[in-house]
>>> print(open('coords_32.cif').read())   # mmCIF, C-alpha atoms
data_start
#
loop_
_atom_site.group_PDB
_atom_site.id
_atom_site.type_symbol
_atom_site.label_atom_id
_atom_site.label_comp_id
_atom_site.auth_asym_id
_atom_site.auth_seq_id
_atom_site.Cartn_x
_atom_site.Cartn_y
_atom_site.Cartn_z
ATOM 1 C CA MET A 1 -5.093 -11.886 -0.125
ATOM 2 C CA ILE A 2 -3.482 -11.168 -3.499
ATOM 3 C CA HIS A 3 -5.532 -13.899 -5.186
ATOM 4 C CA LEU A 4 -8.668 -11.994 -4.112
ATOM 5 C CA THR A 5 -7.606 -8.810 -5.915
ATOM 6 C CA TRP A 6 -5.371 -10.171 -8.700
ATOM 7 C CA SER A 7 -6.908 -13.294 -10.217
ATOM 8 C CA PRO A 8 -3.651 -14.814 -11.609
ATOM 9 C CA GLY A 9 -2.309 -14.900 -8.008
ATOM 10 C CA VAL A 10 1.204 -15.248 -6.535
ATOM 11 C CA LYS A 11 3.897 -17.084 -8.487
ATOM 12 C CA SER A 12 6.488 -17.362 -5.678
ATOM 13 C CA LYS A 13 7.496 -15.983 -2.295
ATOM 14 C CA GLN A 14 11.081 -15.555 -1.159
ATOM 15 C CA THR A 15 12.526 -14.349 2.143
ATOM 16 C CA LEU A 16 15.546 -12.254 1.264
ATOM 17 C CA ALA A 17 16.578 -11.372 4.829
ATOM 18 C CA ASP A 18 15.636 -12.485 8.298
ATOM 19 C CA ASP A 19 16.256 -10.679 11.570
ATOM 20 C CA ASN A 20 16.616 -13.911 13.636
ATOM 21 C CA ARG A 21 13.369 -13.232 15.531
ATOM 22 C CA SER A 22 11.329 -15.425 13.181
ATOM 23 C CA VAL A 23 10.000 -12.278 11.531
ATOM 24 C CA SER A 24 10.991 -11.871 7.914
ATOM 25 C CA VAL A 25 12.133 -8.326 7.326
ATOM 26 C CA ILE A 26 12.409 -8.513 3.549
ATOM 27 C CA THR A 27 10.003 -10.646 1.582
ATOM 28 C CA SER A 28 9.760 -10.680 -2.181
ATOM 29 C CA LEU A 29 6.533 -11.763 -3.858
ATOM 30 C CA LYS A 30 6.492 -12.628 -7.545
ATOM 31 C CA ILE A 31 3.037 -12.241 -9.000
ATOM 32 C CA HIS A 32 1.729 -14.139 -12.029
ATOM 33 C CA GLY A 33 1.273 -11.812 -14.961
ATOM 34 C CA GLN A 34 2.158 -8.143 -14.919
ATOM 35 C CA PRO A 35 -0.264 -6.170 -12.744
ATOM 36 C CA TRP A 36 1.886 -3.035 -12.789
ATOM 37 C CA SER A 37 2.260 -2.859 -16.557
ATOM 38 C CA GLN A 38 -1.423 -3.769 -16.838
ATOM 39 C CA ALA A 39 -2.125 -0.751 -14.652
ATOM 40 C CA VAL A 40 -0.362 1.436 -17.209
ATOM 41 C CA TYR A 41 -1.208 -0.048 -20.567
ATOM 42 C CA ASN A 42 -4.603 -1.544 -19.837
ATOM 43 C CA SER A 43 -7.141 0.996 -18.765
ATOM 44 C CA GLY A 44 -9.593 -1.725 -17.791
ATOM 45 C CA LYS A 45 -10.221 -4.049 -14.893
ATOM 46 C CA ALA A 46 -6.506 -4.869 -14.445
ATOM 47 C CA SER A 47 -5.665 -1.241 -13.698
ATOM 48 C CA VAL A 48 -8.225 -1.250 -10.874
ATOM 49 C CA GLN A 49 -6.960 -4.640 -9.621
ATOM 50 C CA ALA A 50 -3.397 -3.304 -9.337
ATOM 51 C CA ARG A 51 -4.607 -0.535 -7.042
ATOM 52 C CA LEU A 52 -6.684 -2.991 -5.012
ATOM 53 C CA ILE A 53 -3.568 -5.143 -4.480
ATOM 54 C CA LEU A 54 -1.752 -2.169 -2.976
ATOM 55 C CA LEU A 55 -4.709 -1.226 -0.764
ATOM 56 C CA GLU A 56 -4.976 -4.793 0.522
ATOM 57 C CA VAL A 57 -1.232 -5.090 1.214
ATOM 58 C CA ILE A 58 -1.266 -1.856 3.226
ATOM 59 C CA LYS A 59 -4.424 -2.936 5.078
ATOM 60 C CA ILE A 60 -3.068 -6.382 5.981
ATOM 61 C CA PHE A 61 0.178 -4.915 7.251
ATOM 62 C CA ALA A 62 -1.833 -2.462 9.395
ATOM 63 C CA GLU A 63 -3.972 -5.303 10.774
ATOM 64 C CA ASN A 64 -0.696 -6.873 11.929
ATOM 65 C CA ASN A 65 0.593 -3.651 13.552
ATOM 66 C CA TRP A 66 2.771 -2.489 10.661
ATOM 67 C CA ARG A 67 2.072 1.074 9.458
ATOM 68 C CA LEU A 68 3.084 2.311 6.024
ATOM 69 C CA ALA A 69 5.937 4.680 6.848
ATOM 70 C CA CYS A 70 6.796 5.718 3.297
ATOM 71 C CA ASN A 71 7.362 4.503 -0.187
ATOM 72 C CA VAL A 72 10.683 5.082 -1.883
ATOM 73 C CA ASN A 73 11.949 4.847 -5.417
ATOM 74 C CA LEU A 74 15.400 3.252 -5.210
ATOM 75 C CA GLU A 75 15.491 2.372 -8.876
ATOM 76 C CA SER A 76 13.734 3.762 -11.890
ATOM 77 C CA THR A 77 11.505 0.728 -12.387
ATOM 78 C CA ALA A 78 9.798 0.234 -9.026
ATOM 79 C CA ASP A 79 8.728 1.761 -5.746
ATOM 80 C CA SER A 80 9.377 -0.002 -2.432
ATOM 81 C CA LEU A 81 6.945 0.137 0.455
ATOM 82 C CA VAL A 82 8.538 0.656 3.875
ATOM 83 C CA PHE A 83 6.512 -0.340 6.945
ATOM 84 C CA GLN A 84 7.121 0.585 10.582
ATOM 85 C CA TRP A 85 6.282 -1.685 13.513
ATOM 86 C CA CYS A 86 3.638 -0.035 15.720
ATOM 87 C CA PRO A 87 2.645 -2.390 18.553
ATOM 88 C CA ASN A 88 -0.203 -0.096 19.681
ATOM 89 C CA LEU A 89 -1.718 0.492 16.249
ATOM 90 C CA ASP A 90 -5.490 0.794 16.697
ATOM 91 C CA MET A 91 -7.226 -0.611 13.623
ATOM 92 C CA ASP A 92 -10.546 0.922 14.713
ATOM 93 C CA GLU A 93 -9.118 4.240 13.525
ATOM 94 C CA PHE A 94 -8.139 2.971 10.077
ATOM 95 C CA ARG A 95 -10.067 2.935 6.814
ATOM 96 C CA PHE A 96 -8.402 2.633 3.448
ATOM 97 C CA CYS A 97 -9.245 4.002 0.034
ATOM 98 C CA ALA A 98 -7.320 5.228 -2.998
ATOM 99 C CA ILE A 99 -7.632 8.198 -5.294
ATOM 100 C CA SER A 100 -5.988 7.376 -8.588
ATOM 101 C CA LEU A 101 -5.004 9.898 -11.258
ATOM 102 C CA ASN A 102 -5.568 8.192 -14.604
ATOM 103 C CA ARG A 103 -5.125 8.952 -18.261
ATOM 104 C CA TYR A 104 -4.866 12.707 -18.729
ATOM 105 C CA ASP A 105 -8.074 13.721 -17.045
ATOM 106 C CA ARG A 106 -9.571 11.069 -14.724
ATOM 107 C CA LEU A 107 -9.835 10.582 -11.001
ATOM 108 C CA ARG A 108 -10.735 7.045 -9.951
ATOM 109 C CA LEU A 109 -12.011 6.614 -6.436
ATOM 110 C CA VAL A 110 -11.190 3.101 -5.225
ATOM 111 C CA ARG A 111 -13.123 1.856 -2.173
ATOM 112 C CA THR A 112 -13.985 5.434 -1.309
ATOM 113 C CA PRO A 113 -16.966 5.922 1.049
ATOM 114 C CA VAL A 114 -20.077 7.424 -0.559
ATOM 115 C CA GLY A 115 -19.956 10.598 1.546
ATOM 116 C CA LEU A 116 -16.366 11.260 0.560
ATOM 117 C CA VAL A 117 -17.191 10.599 -3.116
ATOM 118 C CA GLY A 118 -19.835 13.340 -2.936
ATOM 119 C CA ALA A 119 -17.410 15.753 -1.287
ATOM 120 C CA ILE A 120 -14.761 15.044 -3.941
ATOM 121 C CA LYS A 121 -17.283 15.635 -6.741
ATOM 122 C CA GLU A 122 -18.222 18.977 -5.172
ATOM 123 C CA SER A 123 -14.546 19.870 -4.867
ATOM 124 C CA VAL A 124 -13.969 19.125 -8.560
ATOM 125 C CA ILE A 125 -16.904 21.340 -9.498
ATOM 126 C CA LYS A 126 -15.787 24.120 -7.172
ATOM 127 C CA HIS A 127 -11.978 24.011 -7.532
ATOM 128 C CA TRP A 128 -11.145 22.602 -10.970
ATOM 129 C CA TYR A 129 -11.525 25.564 -13.294
ATOM 130 C CA LEU A 130 -12.529 23.381 -16.272
ATOM 131 C CA GLY A 131 -15.144 21.536 -14.247
ATOM 132 C CA LEU A 132 -16.460 17.995 -14.063
ATOM 133 C CA GLN A 133 -17.380 16.477 -17.438
ATOM 134 C CA LYS A 134 -18.969 13.210 -16.299
ATOM 135 C CA THR A 135 -19.117 10.554 -13.610
ATOM 136 C CA ARG A 136 -19.402 6.811 -14.192
ATOM 137 C CA ASP A 137 -18.845 3.425 -12.607
ATOM 138 C CA TYR A 138 -15.529 2.014 -13.801
ATOM 139 C CA HIS A 139 -14.973 -1.629 -12.820
ATOM 140 C CA GLY A 140 -16.281 -1.033 -9.309
ATOM 141 C CA THR A 141 -14.706 2.393 -8.844
ATOM 142 C CA VAL A 142 -16.199 5.842 -9.274
ATOM 143 C CA GLU A 143 -14.517 7.603 -12.184
ATOM 144 C CA LEU A 144 -14.655 11.379 -12.519
ATOM 145 C CA LYS A 145 -13.707 12.851 -15.899
ATOM 146 C CA LEU A 146 -12.349 16.357 -15.480
ATOM 147 C CA GLY A 147 -12.291 19.025 -18.172
ATOM 148 C CA GLY A 148 -8.970 19.576 -19.935
ATOM 149 C CA CYS A 149 -5.861 17.494 -19.223
ATOM 150 C CA PRO A 150 -4.875 18.218 -15.602
ATOM 151 C CA TRP A 151 -2.362 15.321 -15.373
ATOM 152 C CA TRP A 152 -0.670 16.284 -18.659
ATOM 153 C CA ALA A 153 -0.410 20.015 -18.283
ATOM 154 C CA ASP A 154 2.093 22.801 -18.649
ATOM 155 C CA SER A 155 2.220 26.511 -17.972
ATOM 156 C CA ASN A 156 -0.864 27.879 -16.162
ATOM 157 C CA ASP A 157 -2.708 24.546 -16.419
ATOM 158 C CA ALA A 158 0.127 22.854 -14.501
ATOM 159 C CA VAL A 159 -0.227 25.418 -11.716
ATOM 160 C CA GLU A 160 -4.021 24.960 -11.710
ATOM 161 C CA SER A 161 -3.719 21.168 -11.489
ATOM 162 C CA ARG A 162 -1.274 21.381 -8.565
ATOM 163 C CA TYR A 163 -3.597 23.786 -6.800
ATOM 164 C CA PHE A 164 -6.499 21.419 -7.404
ATOM 165 C CA VAL A 165 -4.597 18.419 -5.974
ATOM 166 C CA SER A 166 -3.714 20.494 -2.905
ATOM 167 C CA THR A 167 -7.426 21.297 -2.414
ATOM 168 C CA LEU A 168 -8.195 17.555 -2.618
ATOM 169 C CA ILE A 169 -5.627 16.845 0.087
ATOM 170 C CA GLY A 170 -7.192 19.589 2.224
ATOM 171 C CA LEU A 171 -10.647 18.114 1.612
ATOM 172 C CA LEU A 172 -9.430 14.689 2.749
ATOM 173 C CA LYS A 173 -8.031 16.195 5.970
ATOM 174 C CA VAL A 174 -11.259 18.085 6.715
ATOM 175 C CA ASN A 175 -13.149 14.789 6.300
ATOM 176 C CA GLY A 176 -10.851 12.906 8.697
ATOM 177 C CA TRP A 177 -8.591 11.269 6.104
ATOM 178 C CA GLN A 178 -4.875 11.609 5.547
ATOM 179 C CA VAL A 179 -2.574 10.707 2.704
ATOM 180 C CA CYS A 180 -0.365 7.812 3.766
ATOM 181 C CA GLY A 181 1.546 7.515 0.502
ATOM 182 C CA THR A 182 1.709 8.213 -3.183
ATOM 183 C CA MET A 183 2.813 5.651 -5.721
ATOM 184 C CA ASP A 184 3.660 5.819 -9.391
ATOM 185 C CA LEU A 185 2.342 2.710 -11.163
ATOM 186 C CA THR A 186 3.447 3.962 -14.576
ATOM 187 C CA ARG A 187 6.982 2.574 -14.363
#
>>> encode(input="coords_32.cif", output="structure tokens")
Amino acid sequence: MIHLTWSPGVKSKQTLADDNRSVSVITSLKIHGQPWSQAVYNSGKASVQARLILLEVIKIFAENNWRLACNVNLESTADSLVFQWCPNLDMDEFRFCAISLNRYDRLRLVRTPVGLVGAIKESVIKHWYLGLQKTRDYHGTVELKLGGCPWWADSNDAVESRYFVSTLIGLLKVNGWQVCGTMDLTR
């Protein structure tokens, strides 16, 4: 799976703990290259690939009855994904996409259905007080450039950007989606 989204692939796999039921409970994957730092410092294809890796990991776990329960930051350099066993998880109910906040002013919609893309664009126009500057294809994602710097804001702009993100979350709910996690790829 990782080789499909991150071309350098997996360097090594290590089971760090086992629960004696032949199910590894802690597995560490070392990936060739640095997809997470690429996601920060390279605003190109690698930044999209890093997000695709995460989407695929979450999807594959769900296909095997493991639901993303939360992500936690136990150290300042990385987040950990925690999955919960759900034997009755119905994959027919699941679709996965990502909304990524990039640079100071971009939303990247990764594997987002066309109808939801349109609704998000309308929400930007309606709820972001500095409007939508432009839309473009960005390495297979839809990138929306917002006016101003909503992700690098202070004072009233910081309040406006938080309000805007809350309206996006509401829009997702109205359209049958829910946020299953947030991750910081900048560390």
>>> resolve_selection(input="coords_32.cif", expression="the PyMOL selection byres ((chain A and resi 113-123) around 8)", output="MDAnalysis selection string")
chainID A and resid 109 111:112 124:128 132 142 144 167:168 171 175
>>> atom_distance(input="coords_32.cif", atom1="CA of Val159 (chain A)", atom2="CA of Ser100 (chain A)")
19.2 Å
>>> atom_distance(input="coords_32.cif", atom1="CA of Trp177 (chain A)", atom2="CA of Arg106 (chain A)")
20.9 Å
>>> resolve_selection(input="coords_32.cif", expression="the PyMOL selection byres ((chain A and resi 143) around 10)", output="list in words")
Ile99, Ser100, Leu101, Asn102, Arg106, Leu107, Arg108, Leu109, Val110, Val117, Lys134, Thr135, Arg136, Asp137, Tyr138, His139, Gly140, Thr141, Val142, Leu144, Lys145 and Leu146 of chain A
>>> closest_atom_pairs(input="coords_32.cif", of="region 81-136 of chain A", to="region 67-74 of chain A", cutoff="8 Å", atoms="only C-alpha atoms", output="CSV")
residue,atom,partner,partner_atom,distance
A:Leu81,CA,A:Asn71,CA,4.4
A:Val82,CA,A:Cys70,CA,5.4
A:Phe83,CA,A:Leu68,CA,4.4
A:Gln84,CA,A:Arg67,CA,5.2
A:Trp85,CA,A:Arg67,CA,6.5
A:Cys86,CA,A:Arg67,CA,6.5
A:Leu89,CA,A:Arg67,CA,7.8
>>> axis_aligned_box(input="coords_32.cif", around="region 51-64 of chain A", padding_each_side="8 Å", output="AutoDock Vina command-line options")
--center_x -3.3 --center_y -3.7 --center_z 2.4 --size_x 22.9 --size_y 22.3 --size_z 35.0
>>> closest_residue(input="coords_32.cif", among="A:Gly33, A:Leu130, A:Ser28, A:Asp184", to="Ser12 (chain A)", atoms="only C-alpha atoms")
A:Ser28
>>> residues_near_point(input="coords_32.cif", point="(-6.7, 25.3, -10.4)", cutoff="6 Å", atoms="only C-alpha atoms", output="compact mmCIF listing (two decimals) with C-alpha atoms, in the frame of the given file")
# COMPACT_ATOMS: atom_id res chain seq x y z
CA TRP A 128 -11.14 22.60 -10.97
CA TYR A 129 -11.52 25.56 -13.29
CA GLU A 160 -4.02 24.96 -11.71
CA SER A 161 -3.72 21.17 -11.49
CA TYR A 163 -3.60 23.79 -6.80
CA PHE A 164 -6.50 21.42 -7.40
>>> atom_distance(input="coords_32.cif", atom1="CA of Ile31 (chain A)", atom2="CA of Arg103 (chain A)")
24.5 Å
>>> residues_near_point(input="coords_32.cif", point="(-8.7, -0.5, -2.9)", cutoff="7 Å", atoms="all atoms listed in the file", output="ChimeraX atom specification")
/A:51-52,55-56,97-98,110-111
>>> resolve_selection(input="coords_32.cif", expression="the PyMOL selection byres ((chain A and resi 32) around 7)", output="list in words")
Pro8, Gly9, Val10, Lys11, Lys30, Ile31, Gly33 and Gln34 of chain A
>>> closest_residue(input="coords_32.cif", among="A:Trp66, A:Asp79, A:Gly148, A:Lys59", to="Met183 (chain A)", atoms="all atoms listed in the file")
A:Asp79
>>> closest_residue(input="coords_32.cif", among="A:Pro87, A:Gly131, A:Gly181, A:Gly147", to="Ile58 (chain A)", atoms="only C-alpha atoms")
A:Gly181
>>> closest_residue(input="coords_32.cif", among="A:Ser166, A:Asp105, A:Phe94, A:Gln178", to="Cys149 (chain A)", atoms="all atoms listed in the file")
A:Asp105
>>> closest_residue(input="coords_32.cif", among="A:Pro150, A:Asn88, A:Arg95, A:Thr15", to="Val165 (chain A)", atoms="only C-alpha atoms")
A:Pro150
